[in-house]
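Here is the structure we will look at, set down as structure tokens.
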Amino acid sequence: MKNKQTSGFHIDFCPRCGRAVDCIPAISRIDGGWICSDCGTREALDSIGVNADEQNHIIEAIHSCRQI
């Protein structure tokens with residue numbers, strides 16, 4: 001798999017969830033490191049009090065839009 005590059009930084013796997021990164025990574029609100037977009041979305045939703053079940057539904061909806 002080709003490395004993804006954002007501002008000179010390469011990331012193949014998310015250090016938070018361990019999944020392969022197949023899009024532009026996000027910057028963690030917690031530690032400032034690079035993470036996958038799903039983990040970035042979870043951090044953002046968690047910061048406004050969205051529970052884990054609803055986060056899963058939101059991320060599934062985002063993924064379904066990418067497949068169109």
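Please note that chains go A, B, ... in the order of the structure tokens, that every chain numbers its residues from 1, and that ligands are numbered from 1 in the order shown.
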
May I have the residues within 9 Å of Ile59 (chain A) as an MDAnalysis selection string, using only C-alpha atoms and disregarding those fewer than 3 positions away in the same chain?
chainID A and resid 38 41:42 54:56 62:64

Write a file of the selected residues as a PDB file, in the first residue's frame, keeping N, CA and C atoms.
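selection20.pdb was written with the following content:
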```pdb
ATOM      1  N   ASP A  38     -11.617   8.188  10.989  1.00  0.00           N
ATOM      2  CA  ASP A  38     -12.670   7.655  11.869  1.00  0.00           C
ATOM      3  C   ASP A  38     -12.370   7.986  13.337  1.00  0.00           C
ATOM      4  N   THR A  41     -12.987  11.614  13.904  1.00  0.00           N
ATOM      5  CA  THR A  41     -14.423  11.867  14.010  1.00  0.00           C
ATOM      6  C   THR A  41     -14.933  11.458  15.383  1.00  0.00           C
ATOM      7  N   ARG A  42     -14.485  10.301  15.865  1.00  0.00           N
ATOM      8  CA  ARG A  42     -14.900   9.847  17.207  1.00  0.00           C
ATOM      9  C   ARG A  42     -14.470  10.833  18.289  1.00  0.00           C
ATOM     10  N   GLU A  54     -24.135   6.096  19.018  1.00  0.00           N
ATOM     11  CA  GLU A  54     -24.476   7.125  18.028  1.00  0.00           C
ATOM     12  C   GLU A  54     -23.264   7.452  17.156  1.00  0.00           C
ATOM     13  N   GLN A  55     -22.068   7.438  17.751  1.00  0.00           N
ATOM     14  CA  GLN A  55     -20.849   7.649  16.964  1.00  0.00           C
ATOM     15  C   GLN A  55     -20.731   6.594  15.873  1.00  0.00           C
ATOM     16  N   ASN A  56     -21.024   5.336  16.230  1.00  0.00           N
ATOM     17  CA  ASN A  56     -20.965   4.253  15.250  1.00  0.00           C
ATOM     18  C   ASN A  56     -21.942   4.489  14.109  1.00  0.00           C
ATOM     19  N   ILE A  62     -21.270   8.104   7.232  1.00  0.00           N
ATOM     20  CA  ILE A  62     -20.172   8.728   6.474  1.00  0.00           C
ATOM     21  C   ILE A  62     -19.598   7.725   5.471  1.00  0.00           C
ATOM     22  N   HIS A  63     -19.363   6.498   5.924  1.00  0.00           N
ATOM     23  CA  HIS A  63     -18.815   5.471   5.029  1.00  0.00           C
ATOM     24  C   HIS A  63     -19.764   5.162   3.878  1.00  0.00           C
ATOM     25  N   SER A  64     -21.056   5.141   4.148  1.00  0.00           N
ATOM     26  CA  SER A  64     -22.008   4.832   3.080  1.00  0.00           C
ATOM     27  C   SER A  64     -22.013   5.938   2.022  1.00  0.00           C
TER      28      SER A  64
END
```

So which residues touch Arg16 (chain A) within 9 Å, counting only C-alpha atoms, skipping near sequence neighbours fewer than 4 positions away, as a PDB file with N, CA, C and O atoms, in the first residue's frame?
```pdb
ATOM      1  N   ILE A  35      -3.897  10.441  13.348  1.00  0.00           N
ATOM      2  CA  ILE A  35      -4.790   9.298  13.512  1.00  0.00           C
ATOM      3  C   ILE A  35      -5.664   9.199  12.266  1.00  0.00           C
ATOM      4  O   ILE A  35      -5.703  10.118  11.446  1.00  0.00           O
ATOM      5  N   CYS A  36      -6.385   8.092  12.124  1.00  0.00           N
ATOM      6  CA  CYS A  36      -7.269   7.947  10.970  1.00  0.00           C
ATOM      7  C   CYS A  36      -8.476   8.875  11.105  1.00  0.00           C
ATOM      8  O   CYS A  36      -8.775   9.379  12.193  1.00  0.00           O
ATOM      9  N   CYS A  39     -11.128   7.796  13.750  1.00  0.00           N
ATOM     10  CA  CYS A  39     -10.768   8.116  15.144  1.00  0.00           C
ATOM     11  C   CYS A  39     -10.864   9.615  15.389  1.00  0.00           C
ATOM     12  O   CYS A  39     -11.276  10.044  16.466  1.00  0.00           O
TER      13      CYS A  39
END
```

What residues in region 3-51 of chain A get the DSSP label alpha helix (DSSP H)? Please answer as a PyMOL selection string.
chain A and resi 37-47

For the selection you just gave me, I'd like the residues written to a file as a PDB file, in the first residue's frame, keeping all heavy atoms.
```
ATOM      1  N   SER A  37      -9.148   9.098  10.003  1.00  0.00           N
ATOM      2  CA  SER A  37     -10.279  10.026  10.024  1.00  0.00           C
ATOM      3  C   SER A  37     -11.421   9.522  10.913  1.00  0.00           C
ATOM      4  O   SER A  37     -12.118  10.328  11.531  1.00  0.00           O
ATOM      5  CB  SER A  37     -10.772  10.312   8.610  1.00  0.00           C
ATOM      6  OG  SER A  37     -11.212   9.130   7.991  1.00  0.00           O
ATOM      7  N   ASP A  38     -11.617   8.188  10.989  1.00  0.00           N
ATOM      8  CA  ASP A  38     -12.670   7.655  11.869  1.00  0.00           C
ATOM      9  C   ASP A  38     -12.370   7.986  13.337  1.00  0.00           C
ATOM     10  O   ASP A  38     -13.258   8.417  14.072  1.00  0.00           O
ATOM     11  CB  ASP A  38     -12.820   6.144  11.712  1.00  0.00           C
ATOM     12  CG  ASP A  38     -13.533   5.747  10.442  1.00  0.00           C
ATOM     13  OD1 ASP A  38     -14.032   6.638   9.707  1.00  0.00           O
ATOM     14  OD2 ASP A  38     -13.592   4.533  10.167  1.00  0.00           O
ATOM     15  N   CYS A  39     -11.128   7.796  13.750  1.00  0.00           N
ATOM     16  CA  CYS A  39     -10.768   8.116  15.144  1.00  0.00           C
ATOM     17  C   CYS A  39     -10.864   9.615  15.389  1.00  0.00           C
ATOM     18  O   CYS A  39     -11.276  10.044  16.466  1.00  0.00           O
ATOM     19  CB  CYS A  39      -9.372   7.591  15.466  1.00  0.00           C
ATOM     20  SG  CYS A  39      -9.311   5.793  15.669  1.00  0.00           S
ATOM     21  N   GLY A  40     -10.514  10.424  14.390  1.00  0.00           N
ATOM     22  CA  GLY A  40     -10.667  11.868  14.514  1.00  0.00           C
ATOM     23  C   GLY A  40     -12.125  12.259  14.669  1.00  0.00           C
ATOM     24  O   GLY A  40     -12.467  13.130  15.483  1.00  0.00           O
ATOM     25  N   THR A  41     -12.987  11.614  13.904  1.00  0.00           N
ATOM     26  CA  THR A  41     -14.423  11.867  14.010  1.00  0.00           C
ATOM     27  C   THR A  41     -14.933  11.458  15.383  1.00  0.00           C
ATOM     28  O   THR A  41     -15.703  12.190  16.014  1.00  0.00           O
ATOM     29  CB  THR A  41     -15.192  11.105  12.910  1.00  0.00           C
ATOM     30  OG1 THR A  41     -14.722  11.562  11.630  1.00  0.00           O
ATOM     31  CG2 THR A  41     -16.689  11.316  13.014  1.00  0.00           C
ATOM     32  N   ARG A  42     -14.485  10.301  15.865  1.00  0.00           N
ATOM     33  CA  ARG A  42     -14.900   9.847  17.207  1.00  0.00           C
ATOM     34  C   ARG A  42     -14.470  10.833  18.289  1.00  0.00           C
ATOM     35  O   ARG A  42     -15.239  11.138  19.196  1.00  0.00           O
ATOM     36  CB  ARG A  42     -14.334   8.465  17.507  1.00  0.00           C
ATOM     37  CG  ARG A  42     -14.982   7.368  16.715  1.00  0.00           C
ATOM     38  CD  ARG A  42     -14.434   6.005  17.117  1.00  0.00           C
ATOM     39  NE  ARG A  42     -14.906   4.990  16.213  1.00  0.00           N
ATOM     40  CZ  ARG A  42     -16.133   4.481  16.206  1.00  0.00           C
ATOM     41  NH1 ARG A  42     -17.007   4.905  17.091  1.00  0.00           N
ATOM     42  NH2 ARG A  42     -16.480   3.562  15.338  1.00  0.00           N
ATOM     43  N   GLU A  43     -13.240  11.350  18.196  1.00  0.00           N
ATOM     44  CA  GLU A  43     -12.781  12.333  19.185  1.00  0.00           C
ATOM     45  C   GLU A  43     -13.643  13.588  19.150  1.00  0.00           C
ATOM     46  O   GLU A  43     -14.000  14.131  20.191  1.00  0.00           O
ATOM     47  CB  GLU A  43     -11.322  12.709  18.936  1.00  0.00           C
ATOM     48  CG  GLU A  43     -10.339  11.672  19.392  1.00  0.00           C
ATOM     49  CD  GLU A  43      -8.899  12.151  19.278  1.00  0.00           C
ATOM     50  OE1 GLU A  43      -8.655  13.338  18.961  1.00  0.00           O
ATOM     51  OE2 GLU A  43      -8.008  11.323  19.520  1.00  0.00           O
ATOM     52  N   ALA A  44     -13.956  14.058  17.947  1.00  0.00           N
ATOM     53  CA  ALA A  44     -14.771  15.267  17.819  1.00  0.00           C
ATOM     54  C   ALA A  44     -16.167  15.041  18.389  1.00  0.00           C
ATOM     55  O   ALA A  44     -16.689  15.883  19.135  1.00  0.00           O
ATOM     56  CB  ALA A  44     -14.858  15.688  16.357  1.00  0.00           C
ATOM     57  N   LEU A  45     -16.775  13.910  18.053  1.00  0.00           N
ATOM     58  CA  LEU A  45     -18.120  13.616  18.550  1.00  0.00           C
ATOM     59  C   LEU A  45     -18.116  13.412  20.063  1.00  0.00           C
ATOM     60  O   LEU A  45     -19.040  13.850  20.759  1.00  0.00           O
ATOM     61  CB  LEU A  45     -18.692  12.387  17.837  1.00  0.00           C
ATOM     62  CG  LEU A  45     -18.973  12.575  16.346  1.00  0.00           C
ATOM     63  CD1 LEU A  45     -19.302  11.235  15.699  1.00  0.00           C
ATOM     64  CD2 LEU A  45     -20.096  13.573  16.127  1.00  0.00           C
ATOM     65  N   ASP A  46     -17.076  12.743  20.559  1.00  0.00           N
ATOM     66  CA  ASP A  46     -16.964  12.530  22.002  1.00  0.00           C
ATOM     67  C   ASP A  46     -16.854  13.862  22.743  1.00  0.00           C
ATOM     68  O   ASP A  46     -17.420  14.032  23.828  1.00  0.00           O
ATOM     69  CB  ASP A  46     -15.755  11.647  22.298  1.00  0.00           C
ATOM     70  CG  ASP A  46     -15.707  11.183  23.734  1.00  0.00           C
ATOM     71  OD1 ASP A  46     -16.720  10.613  24.210  1.00  0.00           O
ATOM     72  OD2 ASP A  46     -14.672  11.395  24.385  1.00  0.00           O
ATOM     73  N   SER A  47     -16.170  14.825  22.129  1.00  0.00           N
ATOM     74  CA  SER A  47     -15.970  16.121  22.788  1.00  0.00           C
ATOM     75  C   SER A  47     -17.274  16.899  22.954  1.00  0.00           C
ATOM     76  O   SER A  47     -17.354  17.802  23.780  1.00  0.00           O
ATOM     77  CB  SER A  47     -14.952  16.973  22.019  1.00  0.00           C
ATOM     78  OG  SER A  47     -15.514  17.492  20.833  1.00  0.00           O
TER      79      SER A  47
END
```

One decimal, in Å: what's the spacing between CA of Phe13 (chain A) and CA of Ala26 (chain A)?
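Atom-to-atom, CA of Phe13 (chain A) to CA of Ala26 (chain A), that is 12.1 Å.
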
Any idea what the distance is between CA of Trp34 (chain A) and CA of Cys14 (chain A)?
7.5 Å
